[in-house]
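What follows is the content of model.txt, which has compact mmCIF, C-alpha atoms:
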# COMPACT_ATOMS: atom_id res chain seq x y z
CA PRO A 1 162.80 30.02 -148.53
CA PRO A 2 163.64 27.06 -146.29
CA GLY A 3 161.24 24.20 -146.82
CA TRP A 4 160.55 25.07 -150.44
CA ALA A 5 162.17 22.70 -152.95
CA PRO A 6 164.52 24.25 -155.53
CA GLY A 7 162.98 23.88 -158.94
CA HIS A 8 159.41 23.97 -157.60
CA ARG A 9 158.65 27.15 -159.50
CA LEU A 10 155.60 29.14 -158.44
CA ARG A 11 154.61 32.74 -159.26
CA ILE A 12 152.33 34.38 -156.69
CA ALA A 13 150.68 37.78 -156.94
CA VAL A 14 149.87 39.25 -153.53
CA LEU A 15 147.28 42.03 -153.17
CA ALA A 16 146.78 43.62 -149.75
CA ASP A 17 144.75 46.40 -148.15
CA ILE A 18 142.80 47.58 -151.17
CA HIS A 19 140.52 49.74 -148.97
CA VAL A 20 137.99 50.50 -151.68
CA CYS A 21 136.30 53.88 -151.27
CA GLU A 22 135.84 57.21 -153.00
CA PRO A 23 137.85 59.25 -153.74
CA TYR A 24 141.04 57.35 -152.89
CA MET A 25 140.31 53.86 -154.27
CA PRO A 26 137.38 53.97 -156.72
CA LEU A 27 136.28 50.98 -158.73
CA ASP A 28 138.09 52.08 -161.88
CA ARG A 29 141.37 52.00 -160.00
CA VAL A 30 140.55 48.54 -158.65
CA ALA A 31 139.93 47.49 -162.25
CA GLU A 32 143.40 48.78 -163.19
CA ILE A 33 144.91 46.72 -160.36
CA VAL A 34 143.06 43.63 -161.57
CA ALA A 35 144.30 44.15 -165.14
CA ALA A 36 147.88 44.76 -164.01
CA THR A 37 147.82 41.64 -161.84
CA ASN A 38 146.52 39.48 -164.68
CA ALA A 39 149.21 40.86 -167.00
CA LEU A 40 151.87 39.46 -164.66
CA ALA A 41 150.56 35.95 -165.40
CA PRO A 42 150.78 34.58 -161.84
CA ASP A 43 150.06 30.95 -161.05
CA LEU A 44 148.21 31.96 -157.89
CA ILE A 45 146.65 35.17 -156.53
CA LEU A 46 146.36 35.81 -152.78
CA LEU A 47 144.31 38.62 -151.21
CA LEU A 48 145.38 39.59 -147.70
CA GLY A 49 142.36 41.44 -146.32
CA ASP A 50 141.00 44.94 -145.66
CA TYR A 51 138.74 45.40 -148.66
CA PRO A 52 136.68 48.39 -147.35
CA ALA A 53 138.28 51.64 -146.22
CA GLY A 54 137.91 53.11 -142.76
CA ARG A 55 135.36 55.82 -142.09
CA LYS A 56 138.03 58.49 -141.51
CA VAL A 57 139.12 58.41 -145.16
CA THR A 58 135.85 57.43 -146.85
CA TRP A 59 133.96 60.27 -148.49
CA HIS A 60 131.62 57.92 -150.35
CA ARG A 61 131.30 54.22 -149.56
CA VAL A 62 131.68 51.77 -152.44
CA PRO A 63 129.41 48.70 -152.02
CA LEU A 64 131.51 45.62 -151.41
CA SER A 65 129.33 43.69 -153.84
CA ASP A 66 130.50 46.09 -156.58
CA PHE A 67 134.12 45.66 -155.49
CA ALA A 68 133.76 41.88 -155.59
CA ARG A 69 132.38 41.97 -159.13
CA VAL A 70 135.55 43.76 -160.24
CA ALA A 71 137.81 41.41 -158.22
CA GLU A 72 136.05 38.51 -159.92
CA GLY A 73 138.12 39.40 -162.99
CA LEU A 74 141.35 38.19 -161.35
CA ARG A 75 142.73 35.23 -163.30
CA ALA A 76 145.30 32.61 -162.27
CA PRO A 77 145.49 28.88 -163.13
CA LEU A 78 145.56 27.85 -159.46
CA GLY A 79 142.89 30.34 -158.45
CA THR A 80 142.38 33.38 -156.23
CA TYR A 81 142.08 33.02 -152.44
CA ALA A 82 141.50 35.55 -149.66
CA VAL A 83 141.72 36.16 -145.95
CA LEU A 84 139.99 38.87 -143.93
CA GLY A 85 141.48 41.88 -142.17
CA ASN A 86 140.44 44.03 -139.26
CA HIS A 87 138.58 46.57 -141.41
CA ASP A 88 136.46 43.82 -142.93
CA TRP A 89 135.15 43.28 -139.41
CA TRP A 90 135.22 46.86 -138.14
CA ASP A 91 133.25 48.15 -141.13
CA ASP A 92 130.44 45.61 -140.60
CA LYS A 93 128.21 46.97 -137.83
CA ALA A 94 125.99 43.88 -137.78
CA ALA A 95 128.97 41.55 -137.31
CA GLN A 96 130.29 43.81 -134.54
CA ALA A 97 126.94 43.69 -132.76
CA ARG A 98 126.64 39.91 -132.88
CA ARG A 99 130.41 39.35 -132.53
CA ASP A 100 130.30 36.78 -135.27
CA GLY A 101 130.54 36.39 -139.02
CA PRO A 102 130.31 35.97 -141.85
CA VAL A 103 131.07 39.61 -142.56
CA GLU A 104 129.87 41.44 -145.65
CA ALA A 105 133.28 41.24 -147.32
CA GLN A 106 133.34 37.45 -147.02
CA ARG A 107 129.84 37.09 -148.41
CA ALA A 108 130.65 39.38 -151.34
CA LEU A 109 133.87 37.59 -152.28
CA GLU A 110 132.43 34.10 -151.96
CA THR A 111 129.42 35.09 -154.05
CA VAL A 112 131.76 35.71 -157.01
CA GLY A 113 133.73 32.51 -156.39
CA ILE A 114 136.71 33.79 -154.37
CA PRO A 115 137.10 31.53 -151.29
CA VAL A 116 137.78 33.26 -147.98
CA MET A 117 140.04 31.15 -145.80
CA GLU A 118 139.41 31.63 -142.10
CA ASN A 119 141.53 29.09 -140.24
CA GLU A 120 141.53 26.81 -143.27
CA ALA A 121 144.19 24.99 -145.28
CA LEU A 122 144.03 23.83 -148.89
CA ARG A 123 146.36 21.52 -150.80
CA LEU A 124 147.27 22.62 -154.34
CA VAL A 125 149.48 21.06 -157.00
CA LYS A 126 151.75 22.82 -159.51
CA ASP A 127 153.66 20.77 -162.12
CA GLY A 128 152.97 17.61 -160.15
CA LYS A 129 154.40 19.04 -156.93
CA PRO A 130 152.03 19.69 -154.00
CA PHE A 131 151.98 22.59 -151.58
CA TRP A 132 149.52 24.06 -149.11
CA ILE A 133 148.04 27.48 -148.71
CA ALA A 134 146.69 28.25 -145.24
CA GLY A 135 144.69 31.28 -144.15
CA VAL A 136 144.21 32.45 -140.57
CA GLY A 137 141.33 34.51 -139.17
CA ASP A 138 141.86 38.11 -138.16
CA GLN A 139 143.57 38.86 -134.84
CA ILE A 140 141.70 42.08 -133.98
CA PRO A 141 138.19 41.72 -135.41
CA PHE A 142 136.23 43.49 -132.67
CA LEU A 143 136.39 47.15 -131.75
CA HIS A 144 136.77 48.02 -128.06
CA ASP A 145 137.68 44.42 -127.22
CA ASP A 146 139.32 44.40 -123.81
CA ASP A 147 140.08 40.67 -123.72
CA GLY A 148 141.95 40.66 -127.04
CA GLY A 149 139.82 37.87 -128.48
CA GLY A 150 140.57 37.24 -132.14
CA ARG A 151 139.34 34.95 -134.87
CA ASP A 152 142.79 33.50 -135.46
CA ASP A 153 143.56 29.85 -134.75
CA LEU A 154 147.07 29.21 -136.02
CA PRO A 155 147.54 25.76 -134.40
CA GLY A 156 144.12 24.61 -135.58
CA THR A 157 144.81 25.85 -139.09
CA LEU A 158 148.17 24.09 -139.41
CA ALA A 159 146.64 20.91 -137.94
CA LYS A 160 144.65 20.66 -141.18
CA VAL A 161 147.89 20.19 -143.14
CA THR A 162 148.04 16.43 -143.57
CA ASP A 163 151.36 15.76 -145.29
CA SER A 164 154.90 17.12 -145.57
CA ALA A 165 154.32 19.43 -148.57
CA PRO A 166 155.43 23.04 -147.99
CA VAL A 167 153.02 25.57 -146.50
CA LEU A 168 152.38 29.17 -147.55
CA LEU A 169 150.62 31.03 -144.75
CA MET A 170 148.30 34.01 -145.33
CA ILE A 171 147.75 36.37 -142.39
CA HIS A 172 146.59 39.96 -142.15
CA GLU A 173 148.40 41.43 -139.14
CA PRO A 174 152.11 40.52 -139.25
CA ASP A 175 152.43 40.30 -135.45
CA LEU A 176 151.24 36.70 -135.67
CA PHE A 177 154.57 35.84 -137.31
CA LEU A 178 156.07 35.70 -133.80
CA HIS A 179 154.16 32.43 -133.30
CA VAL A 180 154.57 30.88 -136.76
CA PRO A 181 156.52 27.58 -136.56
CA ASP A 182 159.32 26.39 -138.83
CA ARG A 183 156.82 24.11 -140.57
CA VAL A 184 155.68 27.13 -142.63
CA ALA A 185 157.89 27.87 -145.63
CA LEU A 186 156.74 31.48 -146.10
CA THR A 187 154.31 33.83 -144.36
CA LEU A 188 152.54 36.59 -146.30
CA ALA A 189 151.07 39.57 -144.42
CA GLY A 190 149.52 42.98 -145.02
CA HIS A 191 147.82 45.44 -142.63
CA THR A 192 150.68 47.94 -142.21
CA HIS A 193 150.55 49.67 -145.63
CA GLY A 194 154.32 49.57 -145.27
CA GLY A 195 153.86 52.15 -142.53
CA GLN A 196 151.94 54.30 -145.04
CA VAL A 197 154.43 57.07 -144.25
CA ARG A 198 158.00 55.79 -144.43
CA ILE A 199 161.05 58.02 -144.09
CA PHE A 200 164.61 56.69 -144.48
CA GLY A 201 163.41 53.15 -143.83
CA TYR A 202 161.51 54.11 -140.66
CA SER A 203 157.73 54.13 -140.21
CA PRO A 204 156.84 56.63 -137.45
CA ALA A 205 153.11 55.80 -137.42
CA MET A 206 153.90 52.11 -136.96
CA ALA A 207 156.00 52.86 -133.91
CA ALA A 208 153.23 54.94 -132.40
CA VAL A 209 150.46 52.37 -133.02
CA HIS A 210 152.20 49.01 -132.73
CA GLY A 211 155.41 49.77 -130.87
CA ARG A 212 157.67 48.12 -133.46
CA ASN A 213 159.07 48.78 -136.90
CA GLU A 214 160.64 45.42 -137.69
CA PHE A 215 157.40 44.10 -139.19
CA ALA A 216 156.41 47.31 -141.00
CA TYR A 217 157.40 46.40 -144.52
CA GLY A 218 159.27 44.08 -146.83
CA HIS A 219 161.15 40.81 -146.44
CA VAL A 220 161.51 39.87 -142.77
CA VAL A 221 163.79 37.04 -141.64
CA ARG A 222 163.55 35.98 -138.00
CA LYS A 223 165.30 32.91 -136.62
CA GLY A 224 165.47 31.39 -140.09
CA ARG A 225 161.79 31.94 -140.82
CA HIS A 226 160.65 34.19 -143.68
CA MET A 227 157.80 36.68 -144.04
CA ILE A 228 156.87 39.18 -146.74
CA VAL A 229 154.89 42.21 -145.53
CA SER A 230 153.17 43.96 -148.42
CA GLY A 231 152.83 47.72 -148.62
CA GLY A 232 149.39 47.16 -150.14
CA PHE A 233 147.36 49.82 -151.94
CA GLY A 234 145.04 51.88 -149.77
CA VAL A 235 145.03 54.28 -146.86
CA SER A 236 143.53 54.43 -143.38
CA ARG A 237 143.57 56.97 -140.55
CA ILE A 238 144.95 59.66 -142.89
CA PRO A 239 144.58 59.89 -146.71
CA VAL A 240 148.32 60.10 -147.37
CA ARG A 241 151.02 57.71 -148.55
CA LEU A 242 154.62 58.88 -148.49
CA GLY A 243 157.77 56.86 -149.15
CA VAL A 244 155.93 53.57 -149.67
CA PRO A 245 154.22 53.45 -153.08
CA PRO A 246 151.22 51.17 -153.57
CA GLU A 247 152.32 47.81 -154.91
CA ILE A 248 151.44 44.45 -156.32
CA VAL A 249 153.91 42.02 -154.76
CA LEU A 250 155.04 39.38 -157.26
CA LEU A 251 156.91 36.45 -155.74
CA THR A 252 158.73 33.77 -157.70
CA LEU A 253 159.54 30.73 -155.58
CA GLY A 254 161.81 27.87 -156.56
CA SER A 255 164.25 29.80 -158.74
CA PRO A 256 167.09 32.30 -158.25
CA SER A 257 165.75 35.60 -156.96
CA ASP A 258 165.39 38.52 -159.34
CA PRO A 259 165.66 41.79 -157.40
CA ALA A 260 164.06 43.68 -160.28
CA GLY A 261 161.04 41.38 -160.24
CA LYS A 262 160.36 41.30 -156.52
CA THR A 263 157.65 43.97 -156.55
CA VAL A 264 155.69 45.70 -159.29
Structure rendered as structure tokens:
Amino acid sequence: PPGWAPGHRLRIAVLADIHVCEPYMPLDRVAEIVAATNALAPDLILLLGDYPAGRKVTWHRVPLSDFARVAEGLRAPLGTYAVLGNHDWWDDKAAQARRDGPVEAQRALETVGIPVMENEALRLVKDGKPFWIAGVGDQIPFLHDDDGGGRDDLPGTLAKVTDSAPVLLMIHEPDLFLHVPDRVALTLAGHTHGGQVRIFGYSPAMAAVHGRNEFAYGHVVRKGRHMIVSGGFGVSRIPVRLGVPPEIVLLTLGSPSDPAGKTV
């Protein structure tokens, strides 16, 4: 993408919207995802939020502490980093009541050593070449919020980037991409499940809920800026996925693109 130096090779595994619950995403399936991700030998693993499932599709809740112990098995030389999604907030009744964090998902992940980046930026180095990862807080953390107040602070997050090294931005809801500046080399988003039901490249549920399909899934290019929207793994609202299989997104930056290796 623009702003990323050719030859600065970096392999990133992106995991989004796991939505752990029974029967649709039990811990043994999460363990399979962890093993498959490790087998891809990424340099860096990024988790894009929504670790618990919504109540409409949850028959039996899986404790997030148990999920985190499985996610602890993710392995990458540059580490594993996470952001939060709306369900991480919506599923936490105590956080909803006090309208503040940290939510249970954040506590669980950080207990096993996976940093949760809420409006934070971190400088990493691969093969002597620096880059930044930045993570923004969730845009819709509170149910029944009439004023639209979110936890996201995009300007404040990018203000923590202190040099000219390229920036990889982690967000949950892709709508924030409308406000992402050219300074960011690549934005990574989840939330949509690729529409969860996708027919002939169209996501009818996305149109009904969000009023747009352009950010539903895949590689989005807008005014020269690039975003990847992952289809993720889990389900919400209805326990069905059609036309958008669950996926680990494997990105290789800094080398010619390999269409066969874009997603796994």
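Minimum atom-to-atom distances from A:Asp28, A:Glu72, A:Glu120, A:Asp50 to His193 (chain A) were compared using all atoms listed in the file, and the lowest value belongs to A:Asp50.
Of the residues under consideration (A:Gln196, A:Ser255, A:Asn119, A:Thr58), A:Thr58 shows the shortest atom-to-atom contact distance to Cys21 (chain A) when counting all atoms listed in the file.
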Distance criterion (all atoms listed in the file): nearest to Gly232 (chain A) out of A:Thr192, A:Thr157, A:Gln106, A:Asn38: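 Of all the options, A:Thr192 lies closest to Gly232 (chain A).
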Within 8 Å of Gly194 (chain A), counting only C-alpha atoms, which residues show up once you throw out same-chain ones fewer than 4 positions away? Write them as an mmCIF file with C-alpha atoms, in the coordinates of the input, please.
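Produced file result_2.cif, reproduced below:
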data_model
loop_
_atom_site.group_PDB
_atom_site.id
_atom_site.type_symbol
_atom_site.label_atom_id
_atom_site.label_comp_id
_atom_site.auth_asym_id
_atom_site.auth_seq_id
_atom_site.Cartn_x
_atom_site.Cartn_y
_atom_site.Cartn_z
ATOM 1 C CA ARG A 198 158.000 55.790 -144.430
ATOM 2 C CA SER A 203 157.730 54.130 -140.210
ATOM 3 C CA ALA A 216 156.410 47.310 -141.000
ATOM 4 C CA TYR A 217 157.400 46.400 -144.520
ATOM 5 C CA GLY A 218 159.270 44.080 -146.830
ATOM 6 C CA VAL A 229 154.890 42.210 -145.530
ATOM 7 C CA SER A 230 153.170 43.960 -148.420
ATOM 8 C CA GLY A 231 152.830 47.720 -148.620
ATOM 9 C CA GLY A 232 149.390 47.160 -150.140
ATOM 10 C CA VAL A 244 155.930 53.570 -149.670
#
Coordinates-based distance that separates CA of Val14 (chain A) from CA of Ile248 (chain A) (Å, one decimal): 6.1 Å
Polymer residues at most 12 Å from Pro239 (chain A), only C-alpha atoms, same-chain spacing of 4 or more positions, as number ranges by chain: A: 19, 21-25, 53-59, 193, 196-197, 233-235
Can I get the selection written as an mmCIF file, in the frame of the given file, with C-alpha atoms?
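For reference, again23.cif as written:
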data_model
loop_
_atom_site.group_PDB
_atom_site.id
_atom_site.type_symbol
_atom_site.label_atom_id
_atom_site.label_comp_id
_atom_site.auth_asym_id
_atom_site.auth_seq_id
_atom_site.Cartn_x
_atom_site.Cartn_y
_atom_site.Cartn_z
ATOM 1 C CA HIS A 19 140.520 49.740 -148.970
ATOM 2 C CA CYS A 21 136.300 53.880 -151.270
ATOM 3 C CA GLU A 22 135.840 57.210 -153.000
ATOM 4 C CA PRO A 23 137.850 59.250 -153.740
ATOM 5 C CA TYR A 24 141.040 57.350 -152.890
ATOM 6 C CA MET A 25 140.310 53.860 -154.270
ATOM 7 C CA ALA A 53 138.280 51.640 -146.220
ATOM 8 C CA GLY A 54 137.910 53.110 -142.760
ATOM 9 C CA ARG A 55 135.360 55.820 -142.090
ATOM 10 C CA LYS A 56 138.030 58.490 -141.510
ATOM 11 C CA VAL A 57 139.120 58.410 -145.160
ATOM 12 C CA THR A 58 135.850 57.430 -146.850
ATOM 13 C CA TRP A 59 133.960 60.270 -148.490
ATOM 14 C CA HIS A 193 150.550 49.670 -145.630
ATOM 15 C CA GLN A 196 151.940 54.300 -145.040
ATOM 16 C CA VAL A 197 154.430 57.070 -144.250
ATOM 17 C CA PHE A 233 147.360 49.820 -151.940
ATOM 18 C CA GLY A 234 145.040 51.880 -149.770
ATOM 19 C CA VAL A 235 145.030 54.280 -146.860
#
Contact residues around Val70 (chain A) with all atoms listed in the file at 8 Å, ignoring same-chain residues under 5 positions, as JSON, numbers by chain: {"A": [27, 30, 31, 34]}
Which residue of A:Leu251, A:Leu124, A:Leu154, A:Leu109 approaches Ala71 (chain A) most closely, using all atoms listed in the file: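 Ranking A:Leu251, A:Leu124, A:Leu154, A:Leu109 by distance to Ala71 (chain A), first place goes to A:Leu109.
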Spatial neighbours of Trp132 (chain A), 8 Å, only C-alpha atoms, chain gap at least 3 places, as an MDAnalysis selection string: chainID A and resid 121:124 161 165:168
Between CA of Val180 (chain A) and CA of Leu74 (chain A) - distance in Å to one decimal: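 Distance reported for this atom pair: 28.9 Å.
Counting all atoms listed in the file, the residue from A:Lys126, A:Asp163, A:Trp90, A:Glu110 that sits nearest to Gly7 (chain A) is A:Lys126.
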Contacts of Pro42 (chain A) within 8 Å, all atoms listed in the file, excl. fewer than 6 positions in-chain, as a PyMOL selection string: chain A and resi 11-13+76-77+250
Selected residue of minimal separation from Leu84 (chain A) among A:Tyr202, A:Trp4, A:Phe67, A:Tyr51, counting all atoms listed in the file: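 Result for the nearest residue to Leu84 (chain A): A:Tyr51.
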Restore all heavy atoms in region 243-254 of chain A and list the result as a JSON list (two decimals), keeping the file's coordinate frame.
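part-v7.json, written as the output of this step:
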[["chain", "number", "residue", "atom", "x", "y", "z"],
["A", 243, "GLY", "N", 156.58, 57.70, -149.28],
["A", 243, "GLY", "CA", 157.77, 56.86, -149.15],
["A", 243, "GLY", "C", 157.50, 55.38, -149.25],
["A", 243, "GLY", "O", 158.43, 54.58, -149.09],
["A", 244, "VAL", "N", 156.26, 54.98, -149.51],
["A", 244, "VAL", "CA", 155.93, 53.57, -149.67],
["A", 244, "VAL", "C", 154.83, 53.48, -150.73],
["A", 244, "VAL", "O", 153.65, 53.48, -150.41],
["A", 244, "VAL", "CB", 155.54, 52.89, -148.34],
["A", 244, "VAL", "CG1", 154.44, 53.63, -147.62],
["A", 244, "VAL", "CG2", 155.18, 51.43, -148.55],
["A", 245, "PRO", "N", 155.21, 53.45, -152.01],
["A", 245, "PRO", "CA", 154.22, 53.45, -153.08],
["A", 245, "PRO", "C", 153.33, 52.22, -153.02],
["A", 245, "PRO", "O", 153.75, 51.15, -152.59],
["A", 245, "PRO", "CB", 155.09, 53.42, -154.35],
["A", 245, "PRO", "CG", 156.43, 53.91, -153.93],
["A", 245, "PRO", "CD", 156.59, 53.46, -152.51],
["A", 246, "PRO", "N", 152.09, 52.35, -153.46],
["A", 246, "PRO", "CA", 151.22, 51.17, -153.57],
["A", 246, "PRO", "C", 151.86, 50.12, -154.47],
["A", 246, "PRO", "O", 152.57, 50.46, -155.43],
["A", 246, "PRO", "CB", 149.94, 51.73, -154.20],
["A", 246, "PRO", "CG", 149.96, 53.19, -153.87],
["A", 246, "PRO", "CD", 151.40, 53.58, -153.87],
["A", 247, "GLU", "N", 151.60, 48.84, -154.16],
["A", 247, "GLU", "CA", 152.32, 47.81, -154.91],
["A", 247, "GLU", "C", 151.51, 46.53, -155.04],
["A", 247, "GLU", "O", 150.73, 46.17, -154.16],
["A", 247, "GLU", "CB", 153.65, 47.49, -154.24],
["A", 247, "GLU", "CG", 153.53, 46.87, -152.87],
["A", 247, "GLU", "CD", 154.87, 46.59, -152.20],
["A", 247, "GLU", "OE1", 155.90, 47.01, -152.74],
["A", 247, "GLU", "OE2", 154.86, 45.97, -151.13],
["A", 248, "ILE", "N", 151.73, 45.87, -156.17],
["A", 248, "ILE", "CA", 151.44, 44.45, -156.32],
["A", 248, "ILE", "C", 152.74, 43.74, -155.99],
["A", 248, "ILE", "O", 153.79, 44.06, -156.57],
["A", 248, "ILE", "CB", 151.02, 44.11, -157.77],
["A", 248, "ILE", "CG1", 149.77, 44.87, -158.17],
["A", 248, "ILE", "CG2", 150.83, 42.60, -157.92],
["A", 248, "ILE", "CD1", 149.49, 44.82, -159.66],
["A", 249, "VAL", "N", 152.71, 42.79, -155.07],
["A", 249, "VAL", "CA", 153.91, 42.02, -154.76],
["A", 249, "VAL", "C", 153.88, 40.74, -155.61],
["A", 249, "VAL", "O", 152.93, 39.97, -155.56],
["A", 249, "VAL", "CB", 153.99, 41.65, -153.27],
["A", 249, "VAL", "CG1", 155.21, 40.76, -153.01],
["A", 249, "VAL", "CG2", 154.07, 42.90, -152.42],
["A", 250, "LEU", "N", 154.91, 40.57, -156.42],
["A", 250, "LEU", "CA", 155.04, 39.38, -157.26],
["A", 250, "LEU", "C", 156.20, 38.56, -156.74],
["A", 250, "LEU", "O", 157.35, 39.01, -156.75],
["A", 250, "LEU", "CB", 155.28, 39.77, -158.72],
["A", 250, "LEU", "CG", 155.46, 38.60, -159.69],
["A", 250, "LEU", "CD1", 154.17, 37.80, -159.81],
["A", 250, "LEU", "CD2", 155.90, 39.11, -161.06],
["A", 251, "LEU", "N", 155.90, 37.36, -156.28],
["A", 251, "LEU", "CA", 156.91, 36.45, -155.74],
["A", 251, "LEU", "C", 157.13, 35.31, -156.72],
["A", 251, "LEU", "O", 156.17, 34.74, -157.24],
["A", 251, "LEU", "CB", 156.46, 35.87, -154.40],
["A", 251, "LEU", "CG", 156.16, 36.86, -153.27],
["A", 251, "LEU", "CD1", 155.59, 36.14, -152.08],
["A", 251, "LEU", "CD2", 157.42, 37.62, -152.89],
["A", 252, "THR", "N", 158.40, 34.97, -156.94],
["A", 252, "THR", "CA", 158.73, 33.77, -157.70],
["A", 252, "THR", "C", 159.50, 32.85, -156.77],
["A", 252, "THR", "O", 160.61, 33.18, -156.36],
["A", 252, "THR", "CB", 159.56, 34.10, -158.95],
["A", 252, "THR", "OG1", 158.85, 35.05, -159.76],
["A", 252, "THR", "CG2", 159.84, 32.85, -159.76],
["A", 253, "LEU", "N", 158.91, 31.71, -156.45],
["A", 253, "LEU", "CA", 159.54, 30.73, -155.58],
["A", 253, "LEU", "C", 160.15, 29.62, -156.42],
["A", 253, "LEU", "O", 159.65, 29.29, -157.48],
["A", 253, "LEU", "CB", 158.52, 30.13, -154.61],
["A", 253, "LEU", "CG", 157.78, 31.11, -153.70],
["A", 253, "LEU", "CD1", 156.87, 30.35, -152.75],
["A", 253, "LEU", "CD2", 158.74, 31.99, -152.92],
["A", 254, "GLY", "N", 161.22, 29.03, -155.91],
["A", 254, "GLY", "CA", 161.81, 27.87, -156.56],
["A", 254, "GLY", "C", 162.77, 28.18, -157.66],
["A", 254, "GLY", "O", 163.12, 27.30, -158.45]]
